[in-house]
Every structure is written in C-alpha cells, then in structure tokens.
>>> print(open('coords_31.cif').read())   # mmCIF, C-alpha atoms
data_model
#
loop_
_atom_site.group_PDB
_atom_site.id
_atom_site.type_symbol
_atom_site.label_atom_id
_atom_site.label_comp_id
_atom_site.auth_asym_id
_atom_site.auth_seq_id
_atom_site.Cartn_x
_atom_site.Cartn_y
_atom_site.Cartn_z
ATOM 1 C CA MET A 473 -63.813 -12.621 5.074
ATOM 2 C CA LEU A 474 -65.751 -12.264 8.293
ATOM 3 C CA LYS A 475 -65.224 -9.266 10.503
ATOM 4 C CA ARG A 476 -66.056 -9.476 14.138
ATOM 5 C CA ALA A 477 -68.172 -6.609 15.428
ATOM 6 C CA ILE A 478 -66.330 -4.659 18.116
ATOM 7 C CA ASP A 479 -68.267 -2.714 20.684
ATOM 8 C CA PRO A 480 -66.588 0.737 20.980
ATOM 9 C CA GLU A 481 -67.142 0.790 24.731
ATOM 10 C CA ASP A 482 -65.536 -2.622 25.193
ATOM 11 C CA GLU A 483 -62.659 -1.570 22.954
ATOM 12 C CA ALA A 484 -62.086 1.582 25.030
ATOM 13 C CA GLN A 485 -62.093 -0.435 28.249
ATOM 14 C CA ARG A 486 -59.660 -2.921 26.760
ATOM 15 C CA ARG A 487 -57.294 -0.154 25.697
ATOM 16 C CA TRP A 488 -57.562 1.467 29.122
ATOM 17 C CA ALA A 489 -56.699 -1.846 30.804
ATOM 18 C CA MET A 490 -53.803 -2.425 28.403
ATOM 19 C CA ARG A 491 -52.373 1.035 29.097
ATOM 20 C CA GLY A 492 -52.839 0.259 32.791
ATOM 21 C CA LEU A 493 -50.389 -2.607 32.391
ATOM 22 C CA LEU A 494 -47.669 -0.135 31.484
ATOM 23 C CA TRP A 495 -48.486 2.229 34.346
ATOM 24 C CA VAL A 496 -48.697 -0.604 36.869
ATOM 25 C CA PHE A 497 -45.311 -1.863 35.716
ATOM 26 C CA LEU A 498 -43.749 1.583 36.096
ATOM 27 C CA PHE A 499 -45.214 2.323 39.525
ATOM 28 C CA VAL A 500 -44.596 -1.144 40.985
ATOM 29 C CA ALA A 501 -41.034 -1.163 39.644
ATOM 30 C CA GLY A 502 -40.531 2.338 41.044
ATOM 31 C CA LEU A 503 -41.895 1.320 44.435
ATOM 32 C CA ALA A 504 -39.712 -1.792 44.568
ATOM 33 C CA ALA A 505 -36.688 0.240 43.504
ATOM 34 C CA CYS A 506 -37.322 2.884 46.161
ATOM 35 C CA VAL A 507 -37.677 0.354 48.989
ATOM 36 C CA THR A 508 -34.521 -1.384 47.789
ATOM 37 C CA ILE A 509 -32.593 1.897 47.618
ATOM 38 C CA VAL A 510 -33.625 2.814 51.174
ATOM 39 C CA PHE A 511 -32.582 -0.669 52.327
ATOM 40 C CA LEU A 512 -29.176 -0.566 50.607
ATOM 41 C CA THR A 513 -28.257 2.994 51.542
ATOM 42 C CA MET A 514 -29.216 2.317 55.149
ATOM 43 C CA ARG A 515 -26.870 -0.653 55.136
ATOM 44 C CA GLN A 516 -24.081 1.541 53.833
ATOM 45 C CA VAL A 517 -24.600 3.987 56.702
ATOM 46 C CA MET A 518 -24.803 1.236 59.319
ATOM 47 C CA ALA A 519 -21.639 -0.358 57.990
ATOM 48 C CA ILE A 520 -19.691 2.750 58.960
ATOM 49 C CA GLY A 521 -21.190 2.980 62.435
ATOM 50 C CA GLY A 522 -24.749 4.163 61.872
ATOM 51 C CA ALA A 523 -24.067 7.892 61.628
ATOM 52 C CA CYS A 524 -22.418 10.114 59.085
ATOM 53 C CA ALA A 525 -22.276 13.719 57.952
ATOM 54 C CA THR A 526 -21.469 15.440 54.728
ATOM 55 C CA GLY A 527 -21.125 19.119 53.903
ATOM 56 C CA GLY A 528 -21.451 22.072 56.250
ATOM 57 C CA ALA A 529 -18.801 24.200 57.867
ATOM 58 C CA TYR A 530 -17.416 21.459 60.094
ATOM 59 C CA VAL A 531 -15.108 18.589 59.338
ATOM 60 C CA SER A 532 -17.125 15.430 59.771
ATOM 61 C CA ALA A 533 -15.591 12.433 61.460
ATOM 62 C CA ARG A 534 -17.356 10.041 59.131
ATOM 63 C CA ALA A 535 -18.316 11.139 55.667
ATOM 64 C CA CYS A 536 -21.487 9.698 54.253
ATOM 65 C CA PRO A 537 -21.397 7.102 51.484
ATOM 66 C CA GLN A 538 -21.594 8.455 47.999
ATOM 67 C CA ALA A 539 -25.007 6.968 47.322
ATOM 68 C CA ILE A 540 -26.626 8.454 50.420
ATOM 69 C CA TRP A 541 -28.311 11.220 48.434
ATOM 70 C CA LEU A 542 -30.486 8.552 46.865
ATOM 71 C CA MET A 543 -32.222 7.829 50.185
ATOM 72 C CA PRO A 544 -34.373 10.993 50.598
ATOM 73 C CA ILE A 545 -35.244 10.892 46.929
ATOM 74 C CA ALA A 546 -36.275 7.241 47.230
ATOM 75 C CA ILE A 547 -38.516 7.970 50.238
ATOM 76 C CA VAL A 548 -40.449 10.712 48.432
ATOM 77 C CA ALA A 549 -40.534 8.848 45.126
ATOM 78 C CA GLY A 550 -41.722 5.682 46.836
ATOM 79 C CA LEU A 551 -44.670 7.475 48.409
ATOM 80 C CA ALA A 552 -45.494 9.011 45.034
ATOM 81 C CA CYS A 553 -45.341 5.598 43.381
ATOM 82 C CA ILE A 554 -47.777 4.126 45.915
ATOM 83 C CA GLY A 555 -50.252 6.966 45.379
ATOM 84 C CA LEU A 556 -50.049 6.832 41.595
ATOM 85 C CA TYR A 557 -50.281 3.048 41.624
ATOM 86 C CA LEU A 558 -53.435 3.082 43.735
ATOM 87 C CA PHE A 559 -54.884 5.808 41.508
ATOM 88 C CA ARG A 560 -54.201 4.065 38.211
ATOM 89 C CA ARG A 561 -54.598 0.402 39.203
ATOM 90 C CA PRO A 562 -57.739 -1.150 37.698
ATOM 91 C CA PRO A 563 -59.858 -2.905 40.322
ATOM 92 C CA GLY A 564 -59.547 -6.645 40.472
ATOM 93 C CA THR A 565 -55.890 -6.694 39.446
ATOM 94 C CA GLY A 566 -54.301 -7.185 42.834
ATOM 95 C CA ASN A 567 -53.103 -4.583 45.261
ATOM 96 C CA ILE A 568 -49.425 -4.791 46.022
ATOM 97 C CA ALA A 569 -49.367 -1.484 47.902
ATOM 98 C CA LEU A 570 -50.497 -3.390 50.982
ATOM 99 C CA LEU A 571 -47.100 -5.083 51.033
ATOM 100 C CA ALA A 572 -45.130 -1.837 50.883
ATOM 101 C CA TRP A 573 -45.377 -1.240 54.630
ATOM 102 C CA PRO A 574 -44.238 -4.740 55.703
ATOM 103 C CA ALA A 575 -41.555 -4.750 53.004
ATOM 104 C CA LEU A 576 -40.117 -1.438 54.193
ATOM 105 C CA PHE A 577 -40.153 -2.127 57.902
ATOM 106 C CA LEU A 578 -39.109 -5.766 57.730
ATOM 107 C CA SER A 579 -36.187 -4.967 55.426
ATOM 108 C CA LEU A 580 -35.007 -2.067 57.579
ATOM 109 C CA GLY A 581 -35.583 -4.202 60.678
ATOM 110 C CA TRP A 582 -33.341 -6.855 59.178
ATOM 111 C CA ASN A 583 -30.584 -4.259 58.842
ATOM 112 C CA PHE A 584 -30.930 -3.380 62.522
ATOM 113 C CA PHE A 585 -30.982 -7.068 63.439
ATOM 114 C CA GLU A 586 -27.906 -7.992 61.398
ATOM 115 C CA TYR A 587 -25.795 -5.037 62.500
ATOM 116 C CA GLY A 588 -27.100 -5.379 66.059
ATOM 117 C CA LEU A 589 -25.745 -8.904 66.223
ATOM 118 C CA TRP A 590 -22.506 -8.061 64.432
ATOM 119 C CA PRO A 591 -21.843 -4.367 64.890
ATOM 120 C CA PRO A 592 -19.166 -2.838 62.633
ATOM 121 C CA GLY A 593 -15.759 -2.812 64.225
ATOM 122 C CA GLY A 594 -17.066 -3.733 67.639
ATOM 123 C CA GLN A 595 -17.411 -6.653 69.972
ATOM 124 C CA GLY A 596 -20.578 -7.963 71.553
ATOM 125 C CA LEU A 597 -24.083 -6.895 70.757
ATOM 126 C CA ALA A 598 -25.429 -3.464 69.830
ATOM 127 C CA TRP A 599 -28.525 -3.529 72.052
ATOM 128 C CA GLY A 600 -29.879 -0.255 70.735
ATOM 129 C CA TRP A 601 -30.069 -1.643 67.238
ATOM 130 C CA LEU A 602 -31.569 -4.910 68.454
ATOM 131 C CA VAL A 603 -34.360 -2.966 70.152
ATOM 132 C CA CYS A 604 -34.919 -1.119 66.881
ATOM 133 C CA ALA A 605 -34.984 -4.475 65.089
ATOM 134 C CA PHE A 606 -37.662 -5.738 67.463
ATOM 135 C CA VAL A 607 -39.797 -2.615 67.038
ATOM 136 C CA PHE A 608 -39.463 -2.669 63.256
ATOM 137 C CA ALA A 609 -40.309 -6.375 63.153
ATOM 138 C CA LEU A 610 -43.465 -5.678 65.145
ATOM 139 C CA MET A 611 -44.433 -2.760 62.914
ATOM 140 C CA GLY A 612 -43.828 -4.644 59.705
ATOM 141 C CA GLY A 613 -44.748 -8.178 60.635
ATOM 142 C CA GLY A 614 -47.660 -7.511 62.979
ATOM 143 C CA PRO A 615 -50.107 -6.260 60.323
ATOM 144 C CA LEU A 616 -48.967 -9.010 57.990
ATOM 145 C CA ILE A 617 -49.657 -11.706 60.573
ATOM 146 C CA VAL A 618 -53.042 -10.224 61.449
ATOM 147 C CA ALA A 619 -54.013 -9.889 57.779
ATOM 148 C CA ALA A 620 -52.964 -13.449 56.990
ATOM 149 C CA SER A 621 -54.427 -14.973 60.149
ATOM 150 C CA GLY A 622 -57.281 -16.450 58.142
ATOM 151 C CA GLY A 623 -54.837 -18.374 55.993
ATOM 152 C CA VAL A 624 -52.210 -17.365 53.486
ATOM 153 C CA GLY A 625 -54.216 -18.626 50.524
ATOM 154 C CA PRO A 626 -57.399 -16.637 51.235
ATOM 155 C CA PHE A 627 -55.257 -13.590 52.096
ATOM 156 C CA PHE A 628 -53.513 -13.644 48.736
ATOM 157 C CA ARG A 629 -56.701 -14.380 46.836
ATOM 158 C CA ARG A 630 -58.486 -11.515 48.568
ATOM 159 C CA HIS A 631 -55.770 -8.912 48.149
ATOM 160 C CA PHE A 632 -53.927 -9.982 45.013
ATOM 161 C CA TRP A 633 -56.568 -11.598 42.902
ATOM 162 C CA ASP A 634 -60.084 -10.569 43.935
ATOM 163 C CA ASP A 635 -60.778 -7.180 45.393
ATOM 164 C CA GLU A 636 -64.087 -8.209 46.853
ATOM 165 C CA PRO A 637 -64.503 -11.291 49.021
ATOM 166 C CA PRO A 638 -67.144 -13.705 47.763
ATOM 167 C CA ALA A 639 -70.603 -12.774 48.977
ATOM 168 C CA PRO A 640 -72.035 -15.084 51.625
ATOM 169 C CA PRO A 641 -74.988 -17.201 50.535
ATOM 170 C CA PRO A 642 -78.352 -15.567 51.199
ATOM 171 C CA PRO A 643 -80.105 -16.753 54.339
ATOM 172 C CA PRO A 644 -82.939 -19.214 53.798
ATOM 173 C CA PRO A 645 -86.422 -17.673 53.843
ATOM 174 C CA PRO A 646 -88.195 -18.025 57.170
ATOM 175 C CA ALA A 647 -90.602 -20.912 57.278
ATOM 176 C CA ARG A 648 -94.236 -19.830 57.509
ATOM 177 C CA ALA A 649 -95.941 -21.371 60.481
ATOM 178 C CA PRO A 650 -99.500 -22.565 59.891
ATOM 179 C CA LEU A 651 -102.086 -20.053 61.025
ATOM 180 C CA PRO A 652 -104.136 -20.958 64.098
ATOM 181 C CA SER A 653 -107.694 -22.078 63.571
ATOM 182 C CA TRP A 654 -109.275 -18.910 64.998
ATOM 183 C CA THR A 655 -107.860 -16.828 62.130
ATOM 184 C CA LYS A 656 -110.497 -18.164 59.763
ATOM 185 C CA ASP A 657 -113.064 -15.961 61.504
ATOM 186 C CA LEU A 658 -111.058 -12.794 60.816
ATOM 187 C CA PRO A 659 -111.807 -10.564 57.813
ATOM 188 C CA PRO A 660 -109.539 -11.280 54.877
ATOM 189 C CA ARG A 661 -106.207 -9.461 54.598
ATOM 190 C CA LYS A 662 -105.647 -6.815 51.995
ATOM 191 C CA THR A 663 -102.693 -8.096 50.012
ATOM 192 C CA SER A 664 -100.835 -6.525 47.148
ATOM 193 C CA ALA A 665 -102.325 -9.158 44.878
ATOM 194 C CA SER A 666 -105.809 -7.823 45.605
ATOM 195 C CA ALA A 667 -104.821 -4.395 44.321
ATOM 196 C CA SER A 668 -103.480 -5.728 41.044
ATOM 197 C CA PRO A 669 -105.597 -5.823 37.892
ATOM 198 C CA PRO A 670 -107.833 -8.848 37.388
ATOM 199 C CA SER A 671 -105.621 -10.267 34.680
ATOM 200 C CA ALA A 672 -102.833 -10.717 37.218
ATOM 201 C CA ALA A 673 -104.997 -12.863 39.452
ATOM 202 C CA VAL A 674 -105.195 -15.896 37.213
ATOM 203 C CA PRO A 675 -105.378 -18.975 39.431
ATOM 204 C CA ARG A 676 -102.604 -21.472 39.037
ATOM 205 C CA PRO A 677 -103.381 -25.124 38.386
ATOM 206 C CA GLU A 678 -104.370 -26.908 41.514
ATOM 207 C CA THR A 679 -101.777 -29.294 42.886
ATOM 208 C CA PRO A 680 -102.688 -32.051 45.279
ATOM 209 C CA ALA A 681 -101.729 -31.266 48.858
ATOM 210 C CA PRO A 682 -99.360 -33.681 50.526
ATOM 211 C CA ALA A 683 -100.791 -35.760 53.310
ATOM 212 C CA GLY A 684 -100.547 -34.187 56.766
ATOM 213 C CA ASP A 685 -100.134 -30.647 55.386
ATOM 214 C CA THR A 686 -103.764 -29.677 54.927
ATOM 215 C CA ALA A 687 -103.917 -26.646 57.263
ATOM 216 C CA PRO A 688 -101.466 -24.349 55.383
ATOM 217 C CA ASP A 689 -102.925 -25.504 52.067
ATOM 218 C CA LEU A 690 -106.448 -24.672 53.248
ATOM 219 C CA VAL A 691 -105.383 -21.183 54.268
ATOM 220 C CA ALA A 692 -103.639 -20.669 50.919
ATOM 221 C CA GLN A 693 -106.714 -21.820 49.033
ATOM 222 C CA LEU A 694 -108.934 -19.513 51.060
ATOM 223 C CA GLU A 695 -106.622 -16.600 50.346
ATOM 224 C CA ARG A 696 -106.608 -17.406 46.646
ATOM 225 C CA LEU A 697 -110.390 -17.630 46.707
ATOM 226 C CA ASP A 698 -110.589 -14.249 48.375
ATOM 227 C CA THR A 699 -108.275 -12.797 45.745
ATOM 228 C CA LEU A 700 -110.473 -14.115 42.969
ATOM 229 C CA HIS A 701 -113.531 -12.707 44.674
ATOM 230 C CA ARG A 702 -111.979 -9.277 45.048
ATOM 231 C CA SER A 703 -110.759 -9.237 41.492
ATOM 232 C CA GLY A 704 -114.284 -9.901 40.233
ATOM 233 C CA SER A 705 -113.628 -13.320 38.797
ATOM 234 C CA LEU A 706 -116.043 -14.854 41.294
ATOM 235 C CA THR A 707 -119.403 -13.518 42.378
ATOM 236 C CA THR A 708 -120.213 -13.312 46.045
ATOM 237 C CA ALA A 709 -122.469 -16.353 45.798
ATOM 238 C CA GLU A 710 -119.787 -18.383 44.033
ATOM 239 C CA PHE A 711 -117.224 -17.243 46.552
ATOM 240 C CA GLU A 712 -119.374 -18.234 49.530
ATOM 241 C CA ALA A 713 -120.208 -21.599 48.016
ATOM 242 C CA ALA A 714 -116.573 -22.351 47.238
ATOM 243 C CA LYS A 715 -115.498 -21.257 50.686
ATOM 244 C CA GLN A 716 -118.052 -23.520 52.321
ATOM 245 C CA ARG A 717 -116.859 -26.409 50.207
ATOM 246 C CA LEU A 718 -113.283 -25.742 51.162
ATOM 247 C CA LEU A 719 -114.059 -25.452 54.840
ATOM 248 C CA ALA A 720 -116.154 -28.581 54.802
ATOM 249 C CA GLY A 721 -113.409 -30.445 53.017
ATOM 250 C CA GLY A 722 -110.772 -29.075 55.408
ATOM 251 C CA ARG A 723 -112.693 -30.356 58.408
ATOM 252 C CA GLY A 724 -113.293 -33.655 56.783
ATOM 253 C CA MET R 1119 -61.763 -7.798 33.856
ATOM 254 C CA THR R 1120 -61.209 -11.039 32.029
ATOM 255 C CA PRO R 1121 -59.147 -13.851 33.606
ATOM 256 C CA ARG R 1122 -56.539 -13.435 30.872
ATOM 257 C CA LEU R 1123 -56.109 -9.745 31.636
ATOM 258 C CA ARG R 1124 -55.893 -10.413 35.352
ATOM 259 C CA LEU R 1125 -53.186 -12.974 34.704
ATOM 260 C CA ALA R 1126 -51.369 -10.381 32.621
ATOM 261 C CA TYR R 1127 -51.539 -7.943 35.536
ATOM 262 C CA LEU R 1128 -50.207 -10.591 37.911
ATOM 263 C CA ILE R 1129 -47.254 -11.296 35.622
ATOM 264 C CA VAL R 1130 -46.611 -7.568 35.207
ATOM 265 C CA HIS R 1131 -46.595 -7.127 38.994
ATOM 266 C CA ILE R 1132 -43.990 -9.862 39.434
ATOM 267 C CA ALA R 1133 -41.883 -8.624 36.539
ATOM 268 C CA ALA R 1134 -42.024 -5.052 37.859
ATOM 269 C CA LEU R 1135 -40.899 -6.169 41.317
ATOM 270 C CA ALA R 1136 -37.932 -8.017 39.874
ATOM 271 C CA ALA R 1137 -37.038 -5.186 37.534
ATOM 272 C CA GLY R 1138 -37.300 -2.560 40.266
ATOM 273 C CA ILE R 1139 -35.119 -4.470 42.716
ATOM 274 C CA ALA R 1140 -32.511 -5.278 40.068
ATOM 275 C CA GLY R 1141 -32.481 -1.691 38.847
ATOM 276 C CA ALA R 1142 -32.071 -0.291 42.351
ATOM 277 C CA VAL R 1143 -29.179 -2.624 43.141
ATOM 278 C CA ALA R 1144 -27.463 -1.647 39.905
ATOM 279 C CA LEU R 1145 -28.045 2.052 40.545
ATOM 280 C CA VAL R 1146 -26.674 1.996 44.095
ATOM 281 C CA ARG R 1147 -23.613 0.037 42.990
ATOM 282 C CA TRP R 1148 -23.021 2.397 40.093
ATOM 283 C CA VAL R 1149 -23.335 5.522 42.249
ATOM 284 C CA SER R 1150 -21.114 4.043 44.939
#
>>> encode(input="coords_31.cif", output="structure tokens")
Amino acid sequence: MLKRAIDPEDEAQRRWAMRGLLWVFLFVAGLAACVTIVFLTMRQVMAIGGACATGGAYVSARACPQAIWLMPIAIVAGLACIGLYLFRRPPGTGNIALLAWPALFLSLGWNFFEYGLWPPGGQGLAWGWLVCAFVFALMGGGPLIVAASGGVGPFFRRHFWDDEPPAPPPPPPPARAPLPSWTKDLPPRKTSASASPPSAAVPRPETPAPAGDTAPDLVAQLERLDTLHRSGSLTTAEFEAAKQRLLAGGRG
Amino acid sequence: MTPRLRLAYLIVHIAALAAGIAGAVALVRWVS
C-alpha cells in the first residue's frame, strides 16, 4: 500500500484554512443576522410611528416593541463580527465585509422609503422619512456604484474571488538606437562584462546579420571584441587586427 | 489557496448569509 508523503507545513496550512471555514461561517452568519435584526426592529419601531419609549419614571405614550432590545446588541455584535471576520479571513477567499455598509444603509433606507410613502396611520407622504431615504440611498448605493463602475463582473472577481488585481504586462524594453558613426573614435566603455572573470566572457556563436542592419551589429561585434581583449582572450595585436577587419568589412 | 478551497469559501459565504438572515428573522419573530 502506497502512502503519500505529506509536507507538515502544507498540512498545517490546510488545517488552518479548514478551520477558517468554520470561523468565516460564524462571522458572516453573525454579520448577516445583525444587519437583519437592525432592519426588522427598525421596521417595528416605524410601524408604530417611528418613536417609542420603554422604562423610566414616566408613562410612555408608545411602548417599544418587545424585540427592540435586540437592536443595540445587534449593532455592537455586527461591528465585532466584521472585525473578527477581517482578522480571521484567509486572503484570496473573498471579502464580504465590503458589502456590510451598502447592505446596512440600503436596507434601512428602504424602511424610510416604504414608510415615507405609506406612513402608519396617516395620509399623504412623510417627507422627513423620504429625505432620510434619499440620504441613506446615497450613503449605501453611492460607494457601491463607484466600486462597480468598472463593471459588475470585474468588481466581484476583484473583491470576492481575487484579492489582488492581475498585474499589468511589463512594458516592452526600449529599442536601442544605433550609435552614431563618431562613437567609434571614443575609448571603449567599461561594462560589467569586462569586470567578470575570463570564463564568463566566452563568445557566442556568430550569427549572420540581417541585411540592412549592419551598423548595430558592427557596434556589438566591436564591443564583444573589446570584452575579449580585456579579459585576456585576445592579445593586443590580435585585437587590433580583428578590429581593423571588422571596420573594413563594416565600411564595405 | 487552491481553487477547490476558494470554492469552499465561496459556498460557505453564501450559506452563512442565508443562515444568518433566516436565524435573525426567526429570532425577532420568536422574541416578538
């Protein structure tokens, strides 16, 4: 029976990612539950006129719904869930916390919109709530529209599938212009190749130059000749003779 | 992060959203 070799480091990473599944489920479910609780309890308050009071020394005209105590807990717990989710979420697994802001403000804005159009027990429009609906729609939908302005598909891929956008292709290397003819009278450049040991300066096999491209090839051959001379592979006499041959051939 | 694990995280995100919303609705109804 064959046993597959398991790298301990890979195994630890796999276990960490598998445990992350459980934490991500808990925090995302908690965040969704908290936003939903805030949405539902707000609706309960708006259904009785938008204001309520419970407890204290006075007799309140409108008692709060029974589930209202869930709202402050949900606000704090929702913030905690976002923080813990961002802390525990492995990179590259999507980031749903970015949707928490639009989800909260668009859902609460919908409550203002619905009860602004059909206020409880009243006739006409509740303009104060409609203004709130407009402001909440701007706060929740504005960032969403800006973020998705490049297209819904790239937005979701960037934020919910890949953390990093794909790197742009590297720019093409700048084309080397042929050196002017007067540069052949200058002393040779000191290149990094000249400082390397002689074994590194092995000449490559000569390739025939394409027609009409003799000037850059001549310069390259002169530079290679100079490198060989500096590395000691060619004596000064051999170097001079080869250079003269090259120059004569280049003119011809 | 292998593609299979990323798919698992995507499914867990969706399942968690559904579970959280359903749980919150049930909780608010039960408390009310």
>>> residues_around(input="coords_31.cif", residues="region 612-623 of chain A", least_positions_apart="6", cutoff="8 Å", atoms="all atoms listed in the file", output="VMD selection string")
chain A and resid 573 to 578
>>> write_last_selection(input="coords_31.cif", atoms="C-alpha atoms", output="PDB file, keeping the file's coordinate frame")
ATOM      1  CA  TRP A 573     -45.377  -1.240  54.630  1.00  0.00           C
ATOM      2  CA  PRO A 574     -44.238  -4.740  55.703  1.00  0.00           C
ATOM      3  CA  ALA A 575     -41.555  -4.750  53.004  1.00  0.00           C
ATOM      4  CA  LEU A 576     -40.117  -1.438  54.193  1.00  0.00           C
ATOM      5  CA  PHE A 577     -40.153  -2.127  57.902  1.00  0.00           C
ATOM      6  CA  LEU A 578     -39.109  -5.766  57.730  1.00  0.00           C
TER       7      LEU A 578
END
>>> residues_around(input="coords_31.cif", residues="Ala569 (chain A)", least_positions_apart="3", cutoff="12 Å", atoms="only C-alpha atoms", output="mmCIF file with C-alpha atoms, keeping the file's coordinate frame")
data_model
loop_
_atom_site.group_PDB
_atom_site.id
_atom_site.type_symbol
_atom_site.label_atom_id
_atom_site.label_comp_id
_atom_site.auth_asym_id
_atom_site.auth_seq_id
_atom_site.Cartn_x
_atom_site.Cartn_y
_atom_site.Cartn_z
ATOM 1 C CA VAL A 496 -48.697 -0.604 36.869
ATOM 2 C CA PHE A 499 -45.214 2.323 39.525
ATOM 3 C CA VAL A 500 -44.596 -1.144 40.985
ATOM 4 C CA ALA A 501 -41.034 -1.163 39.644
ATOM 5 C CA GLY A 502 -40.531 2.338 41.044
ATOM 6 C CA LEU A 503 -41.895 1.320 44.435
ATOM 7 C CA ALA A 504 -39.712 -1.792 44.568
ATOM 8 C CA VAL A 507 -37.677 0.354 48.989
ATOM 9 C CA GLY A 550 -41.722 5.682 46.836
ATOM 10 C CA LEU A 551 -44.670 7.475 48.409
ATOM 11 C CA ALA A 552 -45.494 9.011 45.034
ATOM 12 C CA CYS A 553 -45.341 5.598 43.381
ATOM 13 C CA ILE A 554 -47.777 4.126 45.915
ATOM 14 C CA GLY A 555 -50.252 6.966 45.379
ATOM 15 C CA LEU A 556 -50.049 6.832 41.595
ATOM 16 C CA TYR A 557 -50.281 3.048 41.624
ATOM 17 C CA LEU A 558 -53.435 3.082 43.735
ATOM 18 C CA PHE A 559 -54.884 5.808 41.508
ATOM 19 C CA ARG A 561 -54.598 0.402 39.203
ATOM 20 C CA THR A 565 -55.890 -6.694 39.446
ATOM 21 C CA GLY A 566 -54.301 -7.185 42.834
ATOM 22 C CA ALA A 572 -45.130 -1.837 50.883
ATOM 23 C CA TRP A 573 -45.377 -1.240 54.630
ATOM 24 C CA PRO A 574 -44.238 -4.740 55.703
ATOM 25 C CA ALA A 575 -41.555 -4.750 53.004
ATOM 26 C CA LEU A 576 -40.117 -1.438 54.193
ATOM 27 C CA HIS A 631 -55.770 -8.912 48.149
ATOM 28 C CA PHE A 632 -53.927 -9.982 45.013
ATOM 29 C CA HIS R 1131 -46.595 -7.127 38.994
ATOM 30 C CA LEU R 1135 -40.899 -6.169 41.317
#
>>> atom_distance(input="coords_31.cif", atom1="CA of Phe585 (chain A)", atom2="CA of Thr513 (chain A)")
15.8 Å
>>> resolve_selection(input="coords_31.cif", expression="the PyMOL selection byres ((chain R and resi 1142) around 12)", output="ChimeraX atom specification")
/A:501-513,539,542-543,546 /R:1134-1141,1143-1149
>>> atom_distance(input="coords_31.cif", atom1="CA of Phe711 (chain A)", atom2="CA of Asp698 (chain A)")
7.5 Å
>>> residues_around(input="coords_31.cif", residues="Thr1120 (chain R)", least_positions_apart="3", cutoff="10 Å", atoms="all atoms listed in the file", output="NGL selection string")
(:A and (486 or 564)) or (:R and (1123-1126))
>>> axis_aligned_box(input="coords_31.cif", around="region 522-531 of chain A", padding_each_side="5 Å", output="JSON")
{"center_x": -19.9, "center_y": 14.2, "center_z": 57.9, "size_x": 19.6, "size_y": 30.0, "size_z": 18.0}
>>> atom_distance(input="coords_31.cif", atom1="CA of Glu695 (chain A)", atom2="CA of Gln716 (chain A)")
13.5 Å
>>> closest_residue(input="coords_31.cif", among="A:Asp479, A:Trp582, A:Leu571, A:Ala533", to="chain R", atoms="all atoms listed in the file")
A:Leu571
>>> closest_residue(input="coords_31.cif", among="A:Val691, A:Ala484, A:Ala525, A:Ala489", to="chain R", atoms="all atoms listed in the file")
A:Ala489
>>> closest_residue(input="coords_31.cif", among="A:Gln538, A:Ser532, A:Thr526, A:Gln516", to="chain R", atoms="only C-alpha atoms")
A:Gln538
